[in-house]
Structure formats: C-alpha cells, structure tokens
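Next comes model.cif, with mmCIF, C-alpha atoms.
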data_entry
loop_
_atom_site.label_atom_id
_atom_site.label_comp_id
_atom_site.auth_asym_id
_atom_site.auth_seq_id
_atom_site.Cartn_x
_atom_site.Cartn_y
_atom_site.Cartn_z
CA MET A 19 14.93 90.28 -184.11
CA PRO A 20 18.02 89.48 -181.98
CA GLU A 21 17.56 87.74 -178.61
CA THR A 22 18.57 90.50 -176.18
CA GLY A 23 15.81 90.20 -173.58
CA GLY A 24 18.24 89.04 -170.87
CA PHE A 25 20.26 92.22 -171.19
CA MET A 26 17.11 94.32 -170.96
CA VAL A 27 16.01 92.53 -167.78
CA ALA A 28 19.49 92.88 -166.25
CA ALA A 29 19.52 96.65 -166.91
CA TYR A 30 16.01 97.21 -165.53
CA VAL A 31 16.72 95.14 -162.41
CA ALA A 32 20.05 96.94 -161.81
CA ALA A 33 18.34 100.34 -162.13
CA ALA A 34 15.52 99.31 -159.77
CA VAL A 35 18.01 98.02 -157.18
CA ILE A 36 20.04 101.27 -157.32
CA TYR A 37 17.04 103.59 -157.03
CA LEU A 38 15.16 101.60 -154.39
CA SER A 39 18.32 101.18 -152.29
CA TYR A 40 19.07 104.90 -152.34
CA ALA A 41 15.45 105.87 -151.58
CA ALA A 42 15.36 103.38 -148.68
CA TYR A 43 18.73 104.63 -147.38
CA LEU A 44 17.58 108.25 -147.51
CA LEU A 45 14.18 107.60 -145.91
CA GLY A 46 15.79 105.43 -143.23
CA LYS A 47 18.40 108.07 -142.45
CA SER A 48 15.80 110.82 -142.11
CA ARG A 49 13.69 108.60 -139.86
CA GLN A 50 16.68 108.13 -137.56
CA LYS A 51 17.37 111.89 -137.54
CA LYS A 52 13.79 112.83 -136.68
CA ARG A 53 13.93 110.80 -133.46
CA MET B 18 8.44 127.89 -136.98
CA THR B 19 11.98 126.95 -135.88
CA PRO B 20 14.57 125.78 -138.47
CA ILE B 21 14.33 122.25 -136.99
CA GLU B 22 10.52 122.17 -137.36
CA SER B 23 10.76 123.57 -140.90
CA ALA B 24 13.31 120.91 -141.94
CA GLU B 25 11.22 118.15 -140.36
CA ARG B 26 8.13 119.32 -142.25
CA ALA B 27 10.12 119.35 -145.52
CA LEU B 28 11.31 115.79 -144.76
CA ARG B 29 7.72 114.58 -144.30
CA ARG B 30 6.47 116.26 -147.49
CA SER B 31 9.39 115.16 -149.65
CA ALA B 32 9.06 111.57 -148.37
CA VAL B 33 5.52 111.52 -149.79
CA TRP B 34 6.84 112.76 -153.16
CA ILE B 35 9.54 110.08 -153.16
CA LEU B 36 6.87 107.41 -152.73
CA VAL B 37 4.66 109.01 -155.42
CA SER B 38 7.57 109.14 -157.88
CA LEU B 39 8.48 105.51 -157.12
CA LEU B 40 4.91 104.54 -158.06
CA LEU B 41 5.19 106.56 -161.27
CA LEU B 42 8.55 104.90 -161.94
CA ALA B 43 6.83 101.52 -161.66
CA GLY B 44 4.32 102.83 -164.22
CA VAL B 45 7.17 103.77 -166.56
CA TYR B 46 8.58 100.23 -166.21
CA VAL B 47 5.20 98.73 -167.16
CA ARG B 48 4.73 101.14 -170.07
CA ALA B 49 8.27 100.54 -171.40
CA LEU B 50 8.39 96.77 -170.90
CA VAL B 51 4.81 95.79 -171.80
CA PHE B 52 3.19 98.51 -173.93
CA THR B 53 6.07 99.85 -176.04
CA PRO B 54 7.06 97.93 -179.19
CA ALA B 55 10.56 96.47 -179.47
CA GLU B 56 12.94 97.91 -182.03
CA MET B 57 13.66 95.51 -184.92
CA VAL B 58 17.47 95.83 -185.17
CA GLN B 59 18.47 95.82 -181.48
CA GLY B 60 15.57 93.78 -180.15
CA LEU B 61 14.42 94.13 -176.54
CA ALA B 62 17.76 95.61 -175.39
CA GLN B 63 16.76 98.89 -177.08
CA LYS B 64 14.26 99.36 -174.22
CA ILE B 65 17.24 100.08 -171.93
CA PHE B 66 17.11 103.48 -173.63
CA TYR B 67 13.96 104.41 -171.61
CA ILE B 68 15.86 104.25 -168.33
CA HIS B 69 19.37 105.07 -169.55
CA ALA B 70 18.68 108.36 -171.35
CA PRO B 71 16.43 109.91 -168.62
CA SER B 72 18.98 108.93 -165.94
CA ALA B 73 21.73 110.61 -167.97
CA TRP B 74 19.57 113.75 -168.30
CA VAL B 75 18.94 113.82 -164.55
CA ALA B 76 22.64 113.22 -163.78
CA PHE B 77 23.60 116.19 -165.95
CA LEU B 78 20.82 118.30 -164.41
CA ALA B 79 22.10 117.40 -160.92
CA PHE B 80 25.69 118.35 -161.73
CA GLY B 81 24.50 121.50 -163.51
CA ILE B 82 22.76 122.44 -160.24
CA VAL B 83 25.99 121.69 -158.36
CA GLY B 84 27.83 124.12 -160.66
CA VAL B 85 25.26 126.92 -160.39
CA THR B 86 24.78 126.66 -156.61
CA SER B 87 28.55 126.47 -156.12
CA ILE B 88 28.92 129.76 -158.01
CA VAL B 89 26.11 131.21 -155.86
CA TYR B 90 27.96 130.07 -152.73
CA LEU B 91 31.25 131.66 -153.82
CA LEU B 92 29.45 134.94 -154.61
CA LEU B 93 27.12 135.17 -151.59
CA LYS B 94 28.75 132.85 -149.02
CA ASP B 95 25.26 131.54 -148.24
CA PRO B 96 25.59 128.13 -146.51
CA ARG B 97 22.22 127.05 -147.94
CA ALA B 98 23.75 127.13 -151.45
CA ASP B 99 26.57 124.90 -150.22
CA LEU B 100 24.14 122.39 -148.67
CA PHE B 101 22.01 122.39 -151.82
CA ALA B 102 25.08 121.75 -154.03
CA ALA B 103 26.22 118.88 -151.80
CA SER B 104 22.72 117.35 -151.81
CA SER B 105 22.51 117.59 -155.60
CA ALA B 106 25.98 116.02 -155.99
CA GLU B 107 25.02 113.00 -153.87
CA VAL B 108 21.75 112.41 -155.72
CA GLY B 109 23.50 113.01 -159.07
CA MET B 110 26.05 110.32 -158.19
CA VAL B 111 23.24 107.78 -157.82
CA PHE B 112 21.88 108.57 -161.30
CA THR B 113 25.37 108.61 -162.87
CA THR B 114 26.10 105.20 -161.33
CA GLU B 115 22.92 103.91 -162.96
CA VAL B 116 24.01 105.38 -166.32
CA LEU B 117 27.44 103.74 -166.01
CA ILE B 118 25.86 100.35 -165.26
CA THR B 119 23.00 100.30 -167.79
CA GLY B 120 25.19 101.82 -170.55
CA PRO B 121 27.66 98.91 -170.70
CA ILE B 122 24.81 96.37 -170.52
CA TRP B 123 23.25 98.04 -173.57
CA GLY B 124 26.68 98.49 -175.22
CA LYS B 125 27.39 94.76 -174.99
CA THR B 126 24.34 94.01 -177.15
CA ILE B 127 24.93 96.65 -179.84
CA TRP B 128 28.73 97.04 -179.87
CA GLY B 129 29.69 93.56 -178.70
CA THR B 130 31.75 94.95 -175.83
CA TRP B 131 30.96 96.09 -172.29
CA TRP B 132 33.18 99.15 -172.45
CA THR B 133 35.07 101.21 -175.01
CA TRP B 134 37.21 104.30 -174.36
CA ASP B 135 34.87 106.40 -176.42
CA ALA B 136 34.74 110.17 -175.73
CA ARG B 137 31.28 110.24 -174.16
CA LEU B 138 31.75 107.14 -172.02
CA THR B 139 35.18 108.23 -170.82
CA LEU B 140 34.06 111.78 -169.98
CA THR B 141 31.04 110.43 -168.08
CA LEU B 142 33.35 108.16 -166.08
CA PHE B 143 35.61 111.18 -165.37
CA LEU B 144 32.55 113.14 -164.20
CA TRP B 145 31.68 110.27 -161.83
CA PHE B 146 35.23 110.35 -160.40
CA VAL B 147 35.20 114.16 -160.02
CA MET B 148 31.91 114.01 -158.14
CA LEU B 149 33.19 111.14 -156.00
CA ALA B 150 36.19 113.34 -155.17
CA TYR B 151 33.74 116.16 -154.34
CA LEU B 152 31.91 113.96 -151.81
CA VAL B 153 35.14 112.54 -150.35
CA LEU B 154 36.52 116.07 -150.00
CA ARG B 155 33.41 117.15 -148.11
CA SER B 156 33.74 114.33 -145.62
CA ALA B 157 37.48 114.97 -145.16
CA VAL B 158 37.39 118.74 -144.42
CA HIS B 159 35.72 119.56 -141.11
CA GLU B 160 35.84 123.37 -140.98
CA PRO B 161 32.51 124.37 -142.64
CA GLY B 162 33.72 127.53 -144.48
CA GLN B 163 36.80 125.82 -145.87
CA ARG B 164 34.81 122.71 -146.84
CA ALA B 165 32.23 124.82 -148.69
CA ARG B 166 34.89 126.87 -150.54
CA TYR B 167 37.00 123.90 -151.68
CA SER B 168 34.03 121.83 -152.72
CA ALA B 169 32.43 124.77 -154.58
CA VAL B 170 35.55 125.08 -156.76
CA LEU B 171 35.60 121.33 -157.43
CA GLY B 172 31.83 121.35 -158.08
CA ILE B 173 32.19 124.09 -160.71
CA LEU B 174 35.05 122.23 -162.43
CA GLY B 175 33.01 119.02 -162.46
CA ALA B 176 29.93 120.77 -163.85
CA LEU B 177 32.05 122.14 -166.71
CA LEU B 178 32.30 118.57 -168.01
CA VAL B 179 28.52 118.36 -168.54
CA PRO B 180 28.23 120.44 -171.76
CA PHE B 181 31.33 118.69 -173.14
CA ILE B 182 29.74 115.30 -172.52
CA HIS B 183 26.55 116.39 -174.29
CA VAL B 184 28.35 117.66 -177.42
CA SER B 185 31.10 115.00 -177.35
CA VAL B 186 29.18 112.88 -179.89
CA TYR B 187 29.46 115.77 -182.37
CA LEU B 188 33.05 116.81 -181.50
CA PHE B 189 34.69 113.38 -181.59
CA ARG B 190 34.38 110.24 -183.67
CA THR B 191 32.38 108.12 -181.25
CA LEU B 192 30.46 104.86 -181.02
CA HIS B 193 27.76 106.44 -178.85
CA PRO B 194 24.55 107.22 -180.78
CA LEU B 195 23.67 110.85 -181.50
CA PRO B 196 20.85 112.40 -179.43
CA VAL B 197 17.36 111.57 -180.71
CA VAL B 198 15.42 114.01 -178.51
CA LEU B 199 17.70 116.64 -176.90
CA LYS B 200 18.96 118.06 -180.20
CA PRO B 201 18.12 120.85 -182.63
CA GLY B 202 15.05 119.96 -184.73
CA ARG B 203 12.29 117.42 -184.16
CA PRO B 204 12.87 114.17 -182.20
CA THR B 205 13.58 111.20 -184.51
CA LEU B 206 11.62 108.52 -182.69
CA PRO B 207 8.32 106.77 -183.55
CA GLY B 208 5.25 108.09 -181.69
CA SER B 209 4.67 105.32 -179.08
CA MET B 210 8.38 105.19 -178.23
CA LEU B 211 8.48 108.98 -177.91
CA VAL B 212 5.50 108.95 -175.51
CA THR B 213 7.26 106.36 -173.31
CA LEU B 214 10.46 108.35 -173.39
CA VAL B 215 8.71 111.63 -172.48
CA CYS B 216 6.89 109.86 -169.57
CA ALA B 217 10.24 108.49 -168.41
CA PHE B 218 11.94 111.90 -168.64
CA LEU B 219 9.16 113.55 -166.60
CA THR B 220 9.09 110.76 -163.99
CA PHE B 221 12.86 110.63 -163.55
CA THR B 222 12.95 114.42 -163.19
CA LEU B 223 10.20 114.30 -160.54
CA PHE B 224 12.00 111.46 -158.75
CA PHE B 225 15.22 113.48 -158.77
CA GLY B 226 13.38 116.55 -157.46
CA ALA B 227 11.86 114.55 -154.58
CA LEU B 228 15.20 112.93 -153.66
CA LEU B 229 17.00 116.28 -153.84
CA TRP B 230 14.34 118.00 -151.70
CA HIS B 231 14.58 115.21 -149.12
CA ARG B 232 18.40 115.15 -149.09
CA TYR B 233 18.51 118.95 -148.70
CA ALA B 234 15.94 118.86 -145.87
CA LEU B 235 18.06 116.20 -144.15
CA ALA B 236 21.18 118.38 -144.49
CA ARG B 237 19.24 121.38 -143.10
CA LEU B 238 17.98 119.32 -140.17
CA THR B 239 21.51 118.09 -139.35
CA ASP B 240 22.78 121.67 -139.57
CA ALA B 241 19.96 123.10 -137.43
CA ARG B 242 20.47 120.40 -134.77
CA ALA B 243 24.23 121.12 -134.67
CA HIS B 244 23.52 124.85 -134.21
CA ALA B 245 20.98 124.17 -131.46
CA ASP B 246 23.45 121.86 -129.68
CA ALA B 247 26.22 124.48 -129.94
CA GLU B 248 23.91 127.18 -128.52
CA ARG B 249 22.90 124.89 -125.64
CA ALA B 250 26.59 124.16 -124.91
CA ASP B 251 27.36 127.93 -124.86
CA ALA B 252 24.46 128.72 -122.48
#
Would you mind writing the file's structure down as structure tokens?
Amino acid sequence: MPETGGFMVAAYVAAAVIYLSYAAYLLGKSRQKKR
Amino acid sequence: MTPIESAERALRRSAVWILVSLLLLAGVYVRALVFTPAEMVQGLAQKIFYIHAPSAWVAFLAFGIVGVTSIVYLLLKDPRADLFAASSAEVGMVFTTEVLITGPIWGKTIWGTWWTWDARLTLTLFLWFVMLAYLVLRSAVHEPGQRARYSAVLGILGALLVPFIHVSVYLFRTLHPLPVVLKPGRPTLPGSMLVTLVCAFLTFTLFFGALLWHRYALARLTDARAHADAERADA
C-alpha cells in the first residue's frame, strides 16, 4: 500500500479549518447582531 | 412576534443545529479515519473521498438552490427569495473552496500533480469564480431591487454549470473518476466504505442546512433592523 497518510491528514485538517472558521465567523457575527 | 424577534429565534435554533452537526462531523472524521479500511491501491489518501465527495454534493446543492430561488425572485419579486439565494451562495462558496483544496491534495497522490485542466476541475473552478462574482456584485450594488435582479441573473447562470459539472466526466475525456454513488444503477463501493460515505453525505447535508438557516436568519435580522431604523427615522 502506498504511503499517502500525510496527504490524508493535510486534507482532513484543511477541511476542518475551513468549516470551523466559517461556523465561528457566522456564530460570532450573529452574536454581534443580536446585541 | 415581530420580524426581529422571529429572526433572533431562528438564529438561536440554527446555532444549536450548527453545534449538533459539528459534533456529527467529528463522528464522521472518527468513522472515516479509524473505523473504515484503507483502499489497497491509493492507500490512506483514498479516505479524502469521504470529505471531498459530500462537500462537492453540498456545493452543487447550494448553487442549485441559488438557481431555483433566483428564478423565484425574478417571477415573484419576493425579497425573501433574494436573501435565501444570497445566503445559499455564501455557504456554497465555503463548501466549494473545500472541494478545490482537498481535490488537488488527493489528485497529487493519484495523478502525481496538484492540478490539471481537466473538464470537471476547470468547470468547478469556473463555478467558484462565478459565485465569487455573485457575492462581489451583491456588495457593490446598493439599491436593493437592482442588486437582487442583477444577482438573480448571475445566480441562474452560475447554477447552470452544476449539471454540466456532474456529467462532465461522461461528456469529456477526463482524469476525474466516474461517480460511484450518484449514478444510474447500484453504488460500486464495498459495504463499510459505503456506510461511511452515506453517514458523511447525511452529516454534510445537515451541516449545510444548519449553516444556511443561520445565514438566512442573519440576513433577515439585518433586513428587519434596517426597516425598523428607517421607520424610526421617518416618524
């Protein structure tokens, strides 16, 4: 089996960073608006 | 209940669903990384499939919604359809960005290159640019009716790319693999991998729904506040 674990980790980390950043941005923005 | 109260309630409820779907997303990560076997030819990089394919599905769903709600806006001139389309476009951009990042990482392992001007990859990049133009256009035009009309036309044109992207692997000679699930006939994937993929599809769809609901509620709240401020200024 080829050694491609590093690529898998990079993709999963990139996806997590994108989704968590957007969710945090959206929740933060709505918190500001509610005030 | 006033429009402001209704939007605030939707914000609270959708925030809960965002957190629930993030927990489920963590479950999908564990299932894919720990409990799903690796594919023999590609090795561990094949597991990128469990986040790449569901993100692509959600991106196409989001832009499909942009197309449909843009048509609804042009027919009915209902500002809610315009706000819903804009919300879906923004959330869709996030998922498309993920697709355009994880795709090349996967491509490097199986094709030996980060990027190739293959039909599906190129059309997906075009879709990303069209939707970026859609969001830039919305921030550049300040008159609400004009903004909604222009962006509805661009939204429909962008959404027209979606079916082409899906069938591009059949229409053109392409490096991108053929669909293994969203195709006529039975899925060609071993059982445990299929279960992981189905869980990922459901979770990503729920996550998209929660983000879209929240983004739309935020747009409604902004709109309702602006109306209330305008009424106060008139009085």
Pull out every residue that the PyMOL selection byres ((chain A) within 6 of (chain B)) matches in the shown coordinates and put them as a ChimeraX atom specification.
/A:19-20,22-23,25-26,29,33
Would you compute the distance between atom CA of Ser156 of chain B and atom CA of Leu38 of chain A? Give it in Å to one decimal.
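These atoms are spaced 24.2 Å apart.
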Please report the interatomic distance between atom CA of Asp99 of chain B and atom CA of Ala165 of chain B in Å with one decimal.
5.9 Å
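Taking atom CA of Met210 of chain B and atom CA of Ser39 of chain A as endpoints, the distance between them is 28.1 Å.
You can rank B:Ala252, B:Met110, B:Arg190, B:Gly172 by their closest distance to Tyr40 of chain A using only C-alpha atoms, and at the top of that list sits B:Met110.
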Which residues are close to Ala79 of chain B, i.e. within 7 Å by all atoms listed in the file, leaving aside same-chain residues fewer than 2 positions away? Reply as number ranges by chain.
B: 75-77, 81-83, 105-106, 109
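For Pro71 of chain B, the set of protein, DNA and RNA residues having any atom at most 8 Å away, when counting all atoms listed in the file and skipping those fewer than 4 positions along the same chain, is Tyr67, Val75, Leu214, Ala217, Phe218, Phe221 and Thr222 of chain B.
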